[in-house]
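Trainee: Can you read through this structure? Questions will come right after.
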Amino acid sequence: MTVLELRNVTKTYGGFTAVDGVTLEVEQGKILSLLGPSGCGKTTTLRIIAGFVSPDAGSVRIGGDDVGKLKPYERNVGLLFQDYALFPHMTVSQNVAYGMRYRGTRAAAVPSRVEQMLSLVQLAGMETRYPNQLSGGQQQRVALARALATDPKVVLLDEPLSALDAKLRLELRLELKEILRIVGATTIVVTHDQEEALSLGDEVVVMHAGRIVQRGTPTEIYRTPADKFVAEFIGRSNWFQAVPGGEMNQSLNSYITEEGFEIRARAAQSNRSDAALCVRPEHIELFDGAAPEPTHDPEQNILAGMVLDVAPLGPDVHVVVELPGKRRLLAIRKNVGRNPGVVSGQPVRAYFQASD
Ligand code: ATP
């Protein structure tokens with residue numbers, strides 16, 4: 001069942017279009033990540049749903065009803081915004097209860113609901129503290145409890161973890177995901193952090209310059225990016241500018257790059273005379289260039305070069321390979337432990353599959 005529906009929502013400021021014809025739906029109980037670079041219109045989209053910004057065109061439906069004319073507090077949404085801080089003069093309990101009173105929850109029902117919410121976010125026992133007596137992570141948990149307390153139809157989270165340090169952000173991310181699952185919240189979470197978007201969202205919507213450029217599961221967005229912008233925004237990528245060099249069979253195509261390499265790719269043949277080929281660094285395997293070359297598999301690309309740099313980054317090693325023509329290729333070897341397996345100056349062969 002669709003809980004939230006946006007149709008052709010547009011918002012301009014002066015001559016500038018911040019949100020440009022956004023259409024999206026969120027199903028009951030699903031978490032949708034809205035991801036994109038700064039200024040792409042994520043927050044404006046969220047504020048339109050919440051009712052803080054009115055769109056120039058388009059409609060917003062929550063639970064099937066057009067909410068265009070409703071005030072924010074009439075919309076049955078739970079909000080956790082970056083700048084939507086706790087009330088400093090209220091205790092933890094009072095902060096959590098605030099939205100409920102505002103929405104007309106029966107007074108007798110409030111204390112037990114507050115207790116339930118605080119135990120959900122693991123803050124039982126902190127009822128009488130004030131926000132300035134809590135850590136940043138605890139404050140965000142109170143804000144989450146407040147957002148969920150009214151059992152809203154839609155939960156809107158704007159950069160919910162960005163104010164926290166890296167370690168806490170990771171902990172709270174897992175916790176947040178679990179809590180949203182437990183309550184079955186239909187959620188939109190706005191973030192510019194790709195890892196956060198991919199790990200929290202059942203689906204990810206990538207925005208660019210006010211428009212939705214792709215919607216898909218985290219795997220789809222990573223494996224089959226809609227365009228160069230999405231591919232570069234999610235993960236790392238190596239690019240080759242190329243021209244078609246002929247069709248090998250149904251969807252296996254050969255391309256000749258501007259450096260003169262032949263690269264085979266499984267892709268729909270395009271009629272265009274140019275192509276941009278992308279291979280993820282983690283899909284490139286490196287083998288000793290001195291070893292004899294194996295029999296050639298038509299599905300496999302092999303480029304010979306020399307290791308230029310080896311950078312061990314925790315469990316992964318980033319290897320820069322120099323190909324002929326001073327062309328550089330980044331390969332990432334995952335979980336290689338203490339031995340990166342290659343050294344600078346070593347001749348290597350870089351392998352990657354046509355399907356990658
Ligand atoms: P960030 O990740 O930096 O928060 P965002 O994707 O959430 O970015 P928005 O806050 O939605 O981006 O802003 C989209 C564009 O609209 C930006 O260029 C911003 O400057 C502009 N904008 C937003 N609100 C206003 C406003 N009230 N008046 C004028 N321009 C605005």
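Each chain of the structure tokens is named A, B, ... in the order shown, its residues numbered from 1; ligands are numbered from 1 in display order.
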Check every protein, DNA and RNA residue against ligand 1, keep those with an atom at most 12 Å away (counting only C-alpha atoms and all ligand atoms), and present them as a ChimeraX atom specification.
Mentor: /A:10-20,34-48,52-55,81-83,157-160,162,189-194,206-212
Trainee: Please, could you write that set of residues out with N, CA and C atoms as a compact mmCIF listing (two decimals), in the first residue's frame?
Mentor:
# COMPACT_ATOMS: atom_id res chain seq x y z
N THR A 10 7.14 20.74 -7.77
CA THR A 10 8.13 21.71 -8.24
C THR A 10 8.18 22.90 -7.30
N LYS A 11 9.38 23.37 -7.04
CA LYS A 11 9.54 24.57 -6.21
C LYS A 11 10.65 25.44 -6.78
N THR A 12 10.31 26.69 -7.05
CA THR A 12 11.34 27.61 -7.52
C THR A 12 11.52 28.74 -6.52
N TYR A 13 12.75 29.22 -6.41
CA TYR A 13 13.08 30.40 -5.60
C TYR A 13 13.63 31.43 -6.56
N GLY A 14 12.90 32.54 -6.74
CA GLY A 14 13.32 33.50 -7.76
C GLY A 14 13.29 32.77 -9.09
N GLY A 15 14.37 32.80 -9.83
CA GLY A 15 14.39 32.07 -11.11
C GLY A 15 14.97 30.68 -10.96
N PHE A 16 15.33 30.29 -9.73
CA PHE A 16 16.06 29.04 -9.53
C PHE A 16 15.12 27.90 -9.14
N THR A 17 15.21 26.79 -9.87
CA THR A 17 14.35 25.64 -9.59
C THR A 17 15.06 24.69 -8.62
N ALA A 18 14.59 24.68 -7.37
CA ALA A 18 15.21 23.84 -6.33
C ALA A 18 14.72 22.40 -6.43
N VAL A 19 13.43 22.23 -6.73
CA VAL A 19 12.84 20.90 -6.90
C VAL A 19 12.07 20.92 -8.21
N ASP A 20 12.38 19.94 -9.08
CA ASP A 20 11.95 20.04 -10.47
C ASP A 20 11.14 18.81 -10.90
N LEU A 34 16.90 9.40 0.38
CA LEU A 34 17.00 10.45 -0.63
C LEU A 34 18.43 10.93 -0.58
N LEU A 35 19.16 10.66 -1.65
CA LEU A 35 20.60 10.89 -1.66
C LEU A 35 20.98 11.84 -2.79
N GLY A 36 21.90 12.73 -2.50
CA GLY A 36 22.39 13.60 -3.57
C GLY A 36 23.34 14.63 -3.00
N PRO A 37 24.06 15.33 -3.87
CA PRO A 37 25.03 16.31 -3.38
C PRO A 37 24.34 17.52 -2.77
N SER A 38 25.10 18.29 -2.06
CA SER A 38 24.57 19.49 -1.42
C SER A 38 23.88 20.39 -2.46
N GLY A 39 22.69 20.85 -2.09
CA GLY A 39 21.98 21.77 -2.98
C GLY A 39 21.12 21.11 -4.04
N CYS A 40 20.99 19.77 -4.03
CA CYS A 40 20.24 19.10 -5.10
C CYS A 40 18.74 19.11 -4.86
N GLY A 41 18.30 19.59 -3.69
CA GLY A 41 16.86 19.72 -3.45
C GLY A 41 16.27 18.70 -2.48
N LYS A 42 17.12 17.95 -1.80
CA LYS A 42 16.62 16.92 -0.87
C LYS A 42 15.81 17.52 0.27
N THR A 43 16.43 18.49 0.95
CA THR A 43 15.77 19.08 2.11
C THR A 43 14.50 19.81 1.72
N THR A 44 14.54 20.49 0.59
CA THR A 44 13.34 21.20 0.13
C THR A 44 12.21 20.19 -0.11
N THR A 45 12.54 19.05 -0.72
CA THR A 45 11.53 18.01 -0.95
C THR A 45 10.93 17.55 0.38
N LEU A 46 11.79 17.33 1.36
CA LEU A 46 11.32 16.88 2.66
C LEU A 46 10.44 17.93 3.34
N ARG A 47 10.84 19.19 3.20
CA ARG A 47 10.08 20.28 3.82
C ARG A 47 8.73 20.48 3.14
N ILE A 48 8.67 20.15 1.87
CA ILE A 48 7.38 20.21 1.16
C ILE A 48 6.45 19.12 1.70
N PHE A 52 6.30 22.61 5.55
CA PHE A 52 6.98 23.87 5.88
C PHE A 52 7.21 24.74 4.65
N VAL A 53 7.23 24.10 3.50
CA VAL A 53 7.43 24.82 2.24
C VAL A 53 6.27 24.43 1.34
N SER A 54 5.63 25.41 0.69
CA SER A 54 4.55 25.01 -0.21
C SER A 54 5.07 25.00 -1.65
N PRO A 55 4.78 23.93 -2.37
CA PRO A 55 5.30 23.81 -3.74
C PRO A 55 4.57 24.76 -4.69
N PHE A 81 14.72 16.56 12.15
CA PHE A 81 15.51 17.40 11.26
C PHE A 81 16.80 17.78 11.95
N GLN A 82 17.80 18.03 11.12
CA GLN A 82 19.11 18.49 11.59
C GLN A 82 18.95 19.63 12.59
N ASP A 83 18.11 20.61 12.23
CA ASP A 83 18.00 21.82 13.04
C ASP A 83 16.72 21.83 13.87
N LEU A 157 13.29 12.04 8.12
CA LEU A 157 14.56 12.23 8.82
C LEU A 157 15.51 13.00 7.91
N ASP A 158 15.99 14.14 8.36
CA ASP A 158 16.91 14.95 7.55
C ASP A 158 18.29 14.91 8.17
N GLU A 159 19.20 14.22 7.52
CA GLU A 159 20.59 14.09 8.02
C GLU A 159 20.57 13.76 9.52
N PRO A 160 19.90 12.68 9.92
CA PRO A 160 19.69 12.43 11.35
C PRO A 160 20.97 12.16 12.12
N SER A 162 24.22 13.29 11.07
CA SER A 162 25.39 14.05 10.59
C SER A 162 26.10 14.84 11.68
N VAL A 189 14.53 9.18 4.50
CA VAL A 189 15.70 9.71 5.17
C VAL A 189 16.57 10.42 4.13
N VAL A 190 16.84 11.70 4.44
CA VAL A 190 17.66 12.51 3.55
C VAL A 190 19.11 12.47 4.02
N THR A 191 20.01 12.21 3.09
CA THR A 191 21.41 12.20 3.46
C THR A 191 22.28 12.52 2.24
N HIS A 192 23.45 13.08 2.50
CA HIS A 192 24.39 13.25 1.38
C HIS A 192 25.50 12.19 1.51
N ASP A 193 25.35 11.31 2.52
CA ASP A 193 26.35 10.28 2.81
C ASP A 193 25.90 8.98 2.15
N GLN A 194 26.64 8.57 1.12
CA GLN A 194 26.20 7.41 0.33
C GLN A 194 26.13 6.13 1.17
N VAL A 206 18.23 8.82 -6.04
CA VAL A 206 19.35 9.74 -6.22
C VAL A 206 18.84 11.00 -6.90
N MET A 207 19.11 12.15 -6.28
CA MET A 207 18.68 13.43 -6.84
C MET A 207 19.88 14.21 -7.35
N HIS A 208 19.63 14.98 -8.41
CA HIS A 208 20.67 15.84 -8.97
C HIS A 208 19.97 17.05 -9.57
N ALA A 209 20.39 18.23 -9.15
CA ALA A 209 19.82 19.48 -9.68
C ALA A 209 18.29 19.48 -9.67
N GLY A 210 17.72 19.09 -8.52
CA GLY A 210 16.27 19.18 -8.34
C GLY A 210 15.46 18.03 -8.91
N ARG A 211 16.13 17.15 -9.63
CA ARG A 211 15.40 16.04 -10.27
C ARG A 211 15.83 14.69 -9.71
N ILE A 212 14.93 13.72 -9.84
CA ILE A 212 15.29 12.34 -9.51
C ILE A 212 15.98 11.74 -10.71
Trainee: Name the residues in contact with region 277-283 of chain A at a cut-off of 6 Å, using only C-alpha atoms, excluding same-chain residues fewer than 4 positions from it; report them as a PDB file with C-alpha atoms, in the first residue's frame.
Mentor:
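Output contents, as saved in out_3.pdb:
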ATOM      1  CA  SER A 237      34.833   4.253 -10.729  1.00  0.00           C
ATOM      2  CA  ASN A 238      37.337   4.114 -13.593  1.00  0.00           C
ATOM      3  CA  TRP A 239      36.174   5.618 -16.878  1.00  0.00           C
ATOM      4  CA  PHE A 240      37.177   5.006 -20.473  1.00  0.00           C
ATOM      5  CA  LEU A 330      42.539   2.259  -9.694  1.00  0.00           C
ATOM      6  CA  ALA A 331      42.107  -1.277  -8.382  1.00  0.00           C
ATOM      7  CA  ILE A 332      40.867  -2.020  -4.869  1.00  0.00           C
TER       8      ILE A 332
END
Trainee: Name the residues in contact with region 103-115 of chain A at a cut-off of 10 Å, using only C-alpha atoms, excluding same-chain residues fewer than 3 positions from it; report them as a list of chain:residue names.
Mentor: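 Skipping anything fewer than 3 positions along the chain leaves A:Tyr73, A:Glu74, A:Asn76, A:Val92, A:Ser93, A:Gln94, A:Asn95, A:Val96, A:Ala97, A:Tyr98, A:Gly99, A:Met100, A:Leu118, A:Ser119, A:Leu120, A:Leu123, A:Ala124, A:Gly125, A:Glu127, A:Ala145, A:Arg146, A:Ala149, A:Thr150.
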Trainee: For Asn253 (chain A), please output as a PyMOL selection string all residues within 9 Å (counting only C-alpha atoms; exclusion window: fewer than 3 positions along the same chain).
Mentor: chain A and resi 244-250+263-269+354
Trainee: One number please: CA of Val307 (chain A) to CA of Val319 (chain A), in Å, one decimal.
Mentor: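 These two atoms are separated by 7.0 Å.
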Trainee: So that I can see what lies close to Leu176 (chain A), please list as a list of chain:residue names the residues with an atom at most 10 Å from it, counting only C-alpha atoms and leaving out residues fewer than 3 positions away in the same chain.
Mentor: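 Here the qualifying residues turn out to be A:Val121, A:Arg141, A:Leu144, A:Pro160, A:Leu161, A:Leu170, A:Glu171, A:Leu172, A:Arg173, A:Ile179, A:Leu180, A:Arg181, A:Ile182, A:Leu200.
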Trainee: Write out as a PyMOL selection string each polymer residue whose atoms come within 12 Å of Asn339 (chain A), counting only C-alpha atoms; drop sequence neighbours fewer than 6 positions from it.
Mentor: chain A and resi 310-312+314-317+333
Trainee: Once you have the residues from the selection above, write them out as a CSV table (one decimal), in the first residue's frame, restricted to N, CA and C atoms.
Mentor:
chain,number,residue,atom,x,y,z
A,310,VAL,N,50.9,1.8,-4.1
A,310,VAL,CA,50.1,0.8,-3.2
A,310,VAL,C,49.8,1.5,-1.9
A,311,ALA,N,48.5,1.7,-1.7
A,311,ALA,CA,48.1,2.4,-0.4
A,311,ALA,C,47.2,1.4,0.4
A,312,PRO,N,47.8,0.9,1.5
A,312,PRO,CA,46.9,0.1,2.4
A,312,PRO,C,46.0,0.9,3.2
A,314,GLY,N,43.4,0.3,5.8
A,314,GLY,CA,42.7,-0.7,6.7
A,314,GLY,C,42.7,-2.0,6.0
A,315,PRO,N,41.6,-2.7,5.9
A,315,PRO,CA,41.5,-4.0,5.4
A,315,PRO,C,41.7,-4.0,3.8
A,316,ASP,N,41.5,-2.9,3.2
A,316,ASP,CA,41.6,-2.8,1.7
A,316,ASP,C,42.9,-2.2,1.3
A,317,VAL,N,43.3,-2.5,0.1
A,317,VAL,CA,44.5,-1.9,-0.5
A,317,VAL,C,44.1,-1.2,-1.8
A,333,ARG,N,41.8,-3.9,-3.7
A,333,ARG,CA,41.8,-5.3,-3.3
A,333,ARG,C,41.2,-5.3,-1.9
